[in-house]
Each structure stands twice: as structure tokens, then as C-alpha cells.
Amino acid sequence: MLEVTERAAGESGREYAHRTLEANIVSLNLAPGEVIHLNDVAAQMGLSRTPVREALLDLAKVGIVEVYPQSGSVVALVDFDLVEEARFLRSTLECAVVAEACAEAKPELLARLHESLRAQEYCLESGQAGTRLLELDNEFHRMLFAAVGKERCFEIVRGFSVHFDRVRSMELTSVRDLKVVSDHRAVLAALEAHDADAARACMAEHLARYKVEAAAMPAHYPDYFKQK
């Protein structure tokens, strides 16, 4: 069953379908290799077939869905080449952003980041790592982009990061020794010290960590990955 949230004010049917399908793919509620039944999705969301079909075509453009004109759509298997491209894009931009944010690390920003960290720590301590922790992770990064006036860059990166986010979602639900919160804590410490070099290094390590965790993912999800 599709997990459906309320449609946002001013959101078109196409945007609503895109957001909902993408969220379900990232959370693995729609698993790699799973068939997407257009009629069922449209009915669950209270939409006609057209906006759902358009959303699927949009998702196909970034390689997260495969659309077959005569037989329907399928959630694409995880392709580590695309995951690495997404990581490279994020690392290139975010290392620059976090270094720039060191000069903009005002008390208000630091307070919001600390609040986010407390929420992340609660997720870990209460055994709620998963979709909620991924949302908090994304929001932590969004705040850094916003601090330097680069929110539109974040939205551009986010569209392609769905490949990266799927692996992160698997990590957050299957790997016990999660480093995401301690990584964020290190980034925040560098920001508080206004140490751009340390902030850049911490962010690079954080975004490269998936390479270590990725080796364990096929054992937990053997049918989810594209074979070389």
C-alpha cells in the first residue's frame, strides 16, 4: 500500500504524484524491481491517470523508474554508478557550502543545528532510525545551504540525490553502527570553531561513508541491486 500524505496547497497533481512516488521509492515502501500499478496509485491518491503517468515519466528521466509503454512501470534497481554520481555531485557542492557556512555560522543557525542533532539522537536512542532520521539528515543539510543563500542549489541536487538516498535509507534501517549523527556533530563543531578546512573534511568523510556501508547492503537486500 502506498504511503500517502496530504496534498500541499498549490501543488499540482503531477507534483503531488511525483513527491509521493519519490518518497515511497526512497523509503523502500516501493522496493527496487516492484511493479507500479498506475490505476492503483491514481486511486489511492485521488488523481486521474494523467498526472501519475507524467510523474512516472519525470522519475524515469533521473533513472529511478523504468517505464515500458505496453506493460507499465517498474522501480529501477539500485545502480551504484548512479549512486556514486549523486555522491560526487553532493560532495562537490556541500564541501564548498559548509566551508562558506563557517563564515555565516551565527548563533541562530547553530541553535537550529543543535536542535536538529537532538532530534536525530532521539531517533537513534528510541530505535526509530529509518525514514524519520533520513528526513532529519536532509533537513540538517538543507539548513547549511540556506545559511549561505543556496537553497535553489539544494533543490537541484536533491532531485538527483534520490539514488544516493535509497542507499542511505537501506543503511538507516539495516546497519547497527550508524555514523550519521556523530558525523553531523563533527560538522557542527567545525562550524562553531569557524574552521572551514575541518568543516570541509568532515563533510567529505560523511558523504563518502556510503562506500563503506555499501559493501554490506547486498547481503541485507540481495534482490535490490543492478548487477554489473
# chains A, B, ... in the order shown; residues from 1 in each chain; ligands from 1

$ residues_around --residues "Arg14 of chain A" --least-positions-apart "5" --cutoff "9 Å" --atoms "only C-alpha atoms" --output "list in words"
Arg19, Thr50, Pro51, Val52, Arg53, Glu54 and Ala55 of chain A

$ residues_around --residues "segment 189-194 of chain A" --least-positions-apart "3" --cutoff "10 Å" --atoms "only C-alpha atoms" --output "number ranges by chain"
A: 98-107, 109-110, 183-186, 197-202

$ write_last_selection --atoms "all heavy atoms" --output "compact mmCIF listing (two decimals), in the first residue's frame"
# COMPACT_ATOMS: atom_id res chain seq x y z
N VAL A 98 29.57 24.05 3.12
CA VAL A 98 29.84 24.02 4.56
C VAL A 98 31.05 24.89 4.91
O VAL A 98 31.09 25.50 5.98
CB VAL A 98 30.02 22.57 5.06
CG1 VAL A 98 31.38 21.98 4.67
CG2 VAL A 98 29.81 22.48 6.56
N ALA A 99 32.01 24.96 3.99
CA ALA A 99 33.15 25.85 4.24
C ALA A 99 32.69 27.31 4.24
O ALA A 99 33.10 28.10 5.10
CB ALA A 99 34.22 25.63 3.17
N GLU A 100 31.83 27.66 3.30
CA GLU A 100 31.29 29.01 3.25
C GLU A 100 30.42 29.31 4.47
O GLU A 100 30.41 30.43 4.99
CB GLU A 100 30.48 29.20 1.97
CG GLU A 100 30.02 30.63 1.73
CD GLU A 100 29.32 30.83 0.38
OE1 GLU A 100 29.56 30.00 -0.53
OE2 GLU A 100 28.55 31.79 0.25
N ALA A 101 29.70 28.29 4.95
CA ALA A 101 28.82 28.47 6.10
C ALA A 101 29.59 28.80 7.37
O ALA A 101 29.02 29.38 8.31
CB ALA A 101 27.96 27.23 6.31
N CYS A 102 30.87 28.44 7.42
CA CYS A 102 31.67 28.77 8.61
C CYS A 102 31.70 30.27 8.87
O CYS A 102 31.76 30.71 10.01
CB CYS A 102 33.09 28.22 8.45
SG CYS A 102 33.21 26.45 8.73
N ALA A 103 31.67 31.04 7.80
CA ALA A 103 31.67 32.50 7.96
C ALA A 103 30.30 33.03 8.32
O ALA A 103 30.16 34.17 8.75
CB ALA A 103 32.18 33.15 6.68
N GLU A 104 29.26 32.20 8.10
CA GLU A 104 27.88 32.61 8.35
C GLU A 104 27.28 31.89 9.56
O GLU A 104 26.06 31.89 9.74
CB GLU A 104 27.02 32.32 7.11
CG GLU A 104 27.52 32.96 5.82
CD GLU A 104 27.46 34.47 5.85
OE1 GLU A 104 26.61 35.02 6.58
OE2 GLU A 104 28.27 35.11 5.15
N ALA A 105 28.15 31.27 10.37
CA ALA A 105 27.66 30.44 11.48
C ALA A 105 27.25 31.31 12.66
O ALA A 105 27.92 31.36 13.69
CB ALA A 105 28.74 29.44 11.89
N LYS A 106 26.12 31.97 12.49
CA LYS A 106 25.59 32.85 13.54
C LYS A 106 24.88 32.00 14.60
O LYS A 106 24.52 30.84 14.35
CB LYS A 106 24.62 33.86 12.93
CG LYS A 106 25.29 34.82 11.94
CD LYS A 106 24.29 35.81 11.39
CE LYS A 106 24.98 36.88 10.55
NZ LYS A 106 25.62 36.33 9.33
N PRO A 107 24.66 32.56 15.80
CA PRO A 107 24.02 31.79 16.88
C PRO A 107 22.69 31.17 16.49
O PRO A 107 22.37 30.06 16.93
CB PRO A 107 23.85 32.84 17.99
CG PRO A 107 24.96 33.82 17.75
CD PRO A 107 25.10 33.90 16.26
N LEU A 109 21.68 30.03 13.55
CA LEU A 109 21.92 28.81 12.75
C LEU A 109 22.43 27.69 13.64
O LEU A 109 21.94 26.55 13.55
CB LEU A 109 22.94 29.10 11.64
CG LEU A 109 23.46 27.86 10.88
CD1 LEU A 109 22.33 27.18 10.12
CD2 LEU A 109 24.60 28.25 9.94
N LEU A 110 23.40 27.99 14.49
CA LEU A 110 23.96 26.96 15.36
C LEU A 110 22.90 26.38 16.28
O LEU A 110 22.88 25.16 16.53
CB LEU A 110 25.11 27.55 16.17
CG LEU A 110 26.32 28.03 15.35
CD1 LEU A 110 27.34 28.71 16.25
CD2 LEU A 110 26.96 26.89 14.58
N ASP A 183 28.72 12.15 12.65
CA ASP A 183 29.25 12.95 11.55
C ASP A 183 28.71 14.37 11.60
O ASP A 183 29.45 15.35 11.44
CB ASP A 183 28.87 12.32 10.20
CG ASP A 183 29.70 11.08 9.86
OD1 ASP A 183 30.67 10.80 10.58
OD2 ASP A 183 29.36 10.41 8.88
N HIS A 184 27.42 14.49 11.82
CA HIS A 184 26.81 15.82 11.90
C HIS A 184 27.35 16.60 13.10
O HIS A 184 27.54 17.82 13.02
CB HIS A 184 25.28 15.69 12.00
CG HIS A 184 24.63 15.30 10.73
ND1 HIS A 184 23.32 14.88 10.67
CD2 HIS A 184 25.09 15.26 9.46
CE1 HIS A 184 23.01 14.59 9.41
NE2 HIS A 184 24.08 14.82 8.67
N ARG A 185 27.60 15.88 14.19
CA ARG A 185 28.14 16.53 15.38
C ARG A 185 29.53 17.11 15.07
O ARG A 185 29.87 18.22 15.52
CB ARG A 185 28.22 15.54 16.54
CG ARG A 185 28.50 16.19 17.88
CD ARG A 185 28.56 15.18 19.01
NE ARG A 185 27.28 14.48 19.17
CZ ARG A 185 27.09 13.19 18.95
NH1 ARG A 185 28.10 12.45 18.52
NH2 ARG A 185 25.91 12.63 19.14
N ALA A 186 30.33 16.38 14.31
CA ALA A 186 31.67 16.85 13.93
C ALA A 186 31.58 18.07 13.01
O ALA A 186 32.36 19.02 13.14
CB ALA A 186 32.45 15.72 13.26
N ASP A 197 38.41 24.47 6.91
CA ASP A 197 39.10 23.26 6.46
C ASP A 197 38.56 22.02 7.16
O ASP A 197 38.34 20.98 6.54
CB ASP A 197 40.61 23.39 6.71
CG ASP A 197 41.28 24.40 5.78
OD1 ASP A 197 40.71 24.68 4.72
OD2 ASP A 197 42.36 24.90 6.14
N ALA A 198 38.34 22.13 8.47
CA ALA A 198 37.81 21.00 9.22
C ALA A 198 36.39 20.68 8.79
O ALA A 198 36.01 19.51 8.66
CB ALA A 198 37.85 21.29 10.72
N ALA A 199 35.58 21.72 8.56
CA ALA A 199 34.19 21.51 8.13
C ALA A 199 34.14 20.79 6.79
O ALA A 199 33.35 19.86 6.59
CB ALA A 199 33.47 22.85 8.04
N ARG A 200 35.01 21.21 5.88
CA ARG A 200 35.07 20.58 4.56
C ARG A 200 35.48 19.12 4.68
O ARG A 200 34.89 18.23 4.04
CB ARG A 200 36.06 21.35 3.67
CG ARG A 200 36.03 20.95 2.21
CD ARG A 200 37.09 21.69 1.41
NE ARG A 200 36.80 23.11 1.34
CZ ARG A 200 37.51 24.06 1.95
NH1 ARG A 200 38.53 23.73 2.72
NH2 ARG A 200 37.19 25.33 1.82
N ALA A 201 36.47 18.84 5.51
CA ALA A 201 36.94 17.46 5.68
C ALA A 201 35.87 16.58 6.33
O ALA A 201 35.68 15.43 5.92
CB ALA A 201 38.21 17.46 6.53
N CYS A 202 35.17 17.11 7.31
CA CYS A 202 34.11 16.34 7.98
C CYS A 202 32.98 16.02 7.02
O CYS A 202 32.43 14.91 7.03
CB CYS A 202 33.57 17.12 9.18
SG CYS A 202 34.70 17.24 10.57

$ atom_distance --atom1 "atom CA of Met1 of chain A" --atom2 "atom CA of Arg142 of chain A"
29.5 Å

$ residues_around --residues "segment 31-46 of chain A" --least-positions-apart "3" --cutoff "8 Å" --atoms "only C-alpha atoms" --output "ChimeraX atom specification"
/A:2,4,17,25,28,49,52-53,72-78,223-225

$ write_last_selection --atoms "all heavy atoms" --output "CSV table (one decimal), in the first residue's frame"
chain,number,residue,atom,x,y,z
A,2,LEU,N,0.6,2.2,-0.9
A,2,LEU,CA,1.3,3.4,-1.0
A,2,LEU,C,1.1,4.3,0.3
A,2,LEU,O,0.0,4.4,0.8
A,2,LEU,CB,0.8,4.2,-2.2
A,2,LEU,CG,1.7,5.2,-2.9
A,2,LEU,CD1,2.9,4.5,-3.5
A,2,LEU,CD2,1.0,6.0,-3.9
A,4,VAL,N,0.6,7.7,1.6
A,4,VAL,CA,0.2,9.0,1.0
A,4,VAL,C,0.0,10.0,2.1
A,4,VAL,O,-0.7,9.8,3.1
A,4,VAL,CB,-1.2,8.7,0.2
A,4,VAL,CG1,-1.6,10.0,-0.4
A,4,VAL,CG2,-1.0,7.7,-0.8
A,17,ALA,N,1.9,13.7,-7.2
A,17,ALA,CA,2.3,12.3,-7.6
A,17,ALA,C,3.8,12.1,-7.6
A,17,ALA,O,4.3,11.1,-7.1
A,17,ALA,CB,1.7,12.0,-8.9
A,25,ILE,N,9.6,5.5,-3.0
A,25,ILE,CA,10.8,4.8,-3.5
A,25,ILE,C,12.0,4.9,-2.6
A,25,ILE,O,12.7,3.9,-2.3
A,25,ILE,CB,11.1,5.3,-4.9
A,25,ILE,CG1,10.0,4.9,-5.9
A,25,ILE,CG2,12.4,4.8,-5.4
A,25,ILE,CD1,10.1,5.5,-7.3
A,28,LEU,N,11.8,2.8,0.4
A,28,LEU,CA,11.7,1.4,0.1
A,28,LEU,C,10.3,0.8,0.3
A,28,LEU,O,10.1,-0.4,0.2
A,28,LEU,CB,12.7,0.5,0.9
A,28,LEU,CG,14.2,1.0,0.8
A,28,LEU,CD1,15.1,0.1,1.6
A,28,LEU,CD2,14.7,1.1,-0.6
A,49,ARG,N,-5.4,9.3,-14.1
A,49,ARG,CA,-4.2,8.6,-14.5
A,49,ARG,C,-3.1,9.6,-15.1
A,49,ARG,O,-1.9,9.3,-15.0
A,49,ARG,CB,-4.6,7.6,-15.6
A,49,ARG,CG,-5.4,6.4,-15.1
A,49,ARG,CD,-6.0,5.7,-16.3
A,49,ARG,NE,-5.1,5.4,-17.4
A,49,ARG,CZ,-4.5,4.2,-17.5
A,49,ARG,NH1,-4.7,3.3,-16.6
A,49,ARG,NH2,-3.7,4.0,-18.5
A,52,VAL,N,-0.3,11.0,-12.8
A,52,VAL,CA,0.5,10.0,-12.3
A,52,VAL,C,1.5,9.5,-13.4
A,52,VAL,O,2.7,9.3,-13.2
A,52,VAL,CB,-0.3,8.8,-11.7
A,52,VAL,CG1,0.6,7.6,-11.3
A,52,VAL,CG2,-1.2,9.2,-10.6
A,53,ARG,N,0.9,9.4,-14.6
A,53,ARG,CA,1.8,9.0,-15.7
A,53,ARG,C,2.9,10.0,-16.0
A,53,ARG,O,4.0,9.6,-16.2
A,53,ARG,CB,0.9,8.8,-17.0
A,53,ARG,CG,1.7,8.3,-18.2
A,53,ARG,CD,0.9,8.2,-19.4
A,53,ARG,NE,-0.3,7.3,-19.3
A,53,ARG,CZ,-1.6,7.7,-19.2
A,53,ARG,NH1,-1.8,9.0,-19.2
A,53,ARG,NH2,-2.5,6.8,-19.1
A,72,GLY,N,3.7,-1.1,-18.5
A,72,GLY,CA,3.7,-0.4,-17.2
A,72,GLY,C,5.1,0.0,-16.7
A,72,GLY,O,6.0,0.2,-17.5
A,73,SER,N,5.2,0.3,-15.5
A,73,SER,CA,6.4,0.9,-14.9
A,73,SER,C,6.9,0.0,-13.7
A,73,SER,O,6.1,-0.6,-13.0
A,73,SER,CB,6.0,2.3,-14.4
A,73,SER,OG,5.5,3.1,-15.4
A,74,VAL,N,8.2,0.1,-13.6
A,74,VAL,CA,8.9,-0.7,-12.5
A,74,VAL,C,9.9,0.2,-11.8
A,74,VAL,O,10.5,1.1,-12.4
A,74,VAL,CB,9.6,-1.9,-13.2
A,74,VAL,CG1,10.4,-2.6,-12.1
A,74,VAL,CG2,8.7,-2.8,-13.9
A,75,VAL,N,10.0,0.1,-10.5
A,75,VAL,CA,11.0,0.8,-9.7
A,75,VAL,C,12.4,0.2,-10.2
A,75,VAL,O,12.6,-1.0,-10.1
A,75,VAL,CB,10.8,0.6,-8.2
A,75,VAL,CG1,11.9,1.3,-7.5
A,75,VAL,CG2,9.4,1.1,-7.8
A,76,ALA,N,13.3,1.1,-10.6
A,76,ALA,CA,14.6,0.7,-11.1
A,76,ALA,C,15.4,0.1,-9.9
A,76,ALA,O,15.3,0.5,-8.8
A,76,ALA,CB,15.3,1.9,-11.7
A,77,LEU,N,16.2,-0.9,-10.3
A,77,LEU,CA,17.1,-1.5,-9.3
A,77,LEU,C,18.2,-0.4,-9.0
A,77,LEU,O,18.4,0.5,-9.8
A,77,LEU,CB,17.8,-2.7,-9.9
A,77,LEU,CG,16.9,-3.9,-10.2
A,77,LEU,CD1,17.7,-5.1,-10.8
A,77,LEU,CD2,16.2,-4.4,-9.0
A,78,VAL,N,18.8,-0.6,-7.8
A,78,VAL,CA,19.8,0.4,-7.4
A,78,VAL,C,21.1,0.2,-8.3
A,78,VAL,O,21.6,-0.9,-8.4
A,78,VAL,CB,20.2,0.2,-5.9
A,78,VAL,CG1,21.3,1.1,-5.5
A,78,VAL,CG2,19.0,0.4,-5.0
A,223,ASP,N,18.2,-8.6,-3.7
A,223,ASP,CA,17.4,-8.5,-5.0
A,223,ASP,C,17.3,-7.1,-5.4
A,223,ASP,O,16.6,-6.8,-6.4
A,223,ASP,CB,16.1,-9.1,-4.9
A,223,ASP,CG,16.1,-10.6,-4.5
A,223,ASP,OD1,17.0,-11.3,-5.1
A,223,ASP,OD2,15.3,-11.1,-3.8
A,224,TYR,N,17.9,-6.1,-4.7
A,224,TYR,CA,17.7,-4.7,-5.0
A,224,TYR,C,18.7,-4.0,-5.9
A,224,TYR,O,18.5,-2.9,-6.2
A,224,TYR,CB,17.6,-3.9,-3.6
A,224,TYR,CG,16.4,-4.1,-2.8
A,224,TYR,CD1,15.4,-5.0,-3.2
A,224,TYR,CD2,16.1,-3.4,-1.7
A,224,TYR,CE1,14.2,-5.2,-2.5
A,224,TYR,CE2,15.0,-3.6,-0.9
A,224,TYR,CZ,14.0,-4.5,-1.3
A,224,TYR,OH,12.9,-4.7,-0.6
A,225,PHE,N,19.8,-4.7,-6.2
A,225,PHE,CA,20.9,-4.1,-6.9
A,225,PHE,C,21.1,-4.6,-8.3
A,225,PHE,O,21.0,-5.7,-8.6
A,225,PHE,CB,22.2,-4.3,-6.1
A,225,PHE,CG,22.2,-3.6,-4.7
A,225,PHE,CD1,21.6,-4.2,-3.6
A,225,PHE,CD2,22.6,-2.3,-4.6
A,225,PHE,CE1,21.6,-3.6,-2.4
A,225,PHE,CE2,22.6,-1.6,-3.4
A,225,PHE,CZ,22.0,-2.3,-2.3

$ select_by_dssp --residues "segment 47-107 of chain A" --states "strand (DSSP E)" --output "MDAnalysis selection string"
chainID A and resid 65:68 72:75

$ closest_residue --among "A:Phe88, A:Thr131, A:His163, A:Arg118" --to "Glu3 of chain A" --atoms "only C-alpha atoms"
A:Thr131

$ select_by_dssp --residues "segment 176-212 of chain A" --states "alpha helix (DSSP H)" --output "PyMOL selection string"
chain A and resi 180-192+196-208+210-212

$ atom_distance --atom1 "atom CA of Phe140 of chain A" --atom2 "atom CA of Ser116 of chain A"
6.6 Å

$ residues_around --residues "Met217 of chain A" --least-positions-apart "5" --cutoff "8 Å" --atoms "only C-alpha atoms" --output "MDAnalysis selection string"
chainID A and resid 167 170:171 222

$ closest_residue --among "A:Val83, A:Ala119, A:Leu134, A:Val97" --to "Val187 of chain A" --atoms "only C-alpha atoms"
A:Val97

$ closest_residue --among "A:His114, A:Tyr210, A:Ile64, A:Ser48" --to "Leu21 of chain A" --atoms "only C-alpha atoms"
A:Ile64

$ closest_residue --among "A:Val26, A:Cys95, A:Gly149, A:Met143" --to "Leu207 of chain A" --atoms "only C-alpha atoms"
A:Cys95
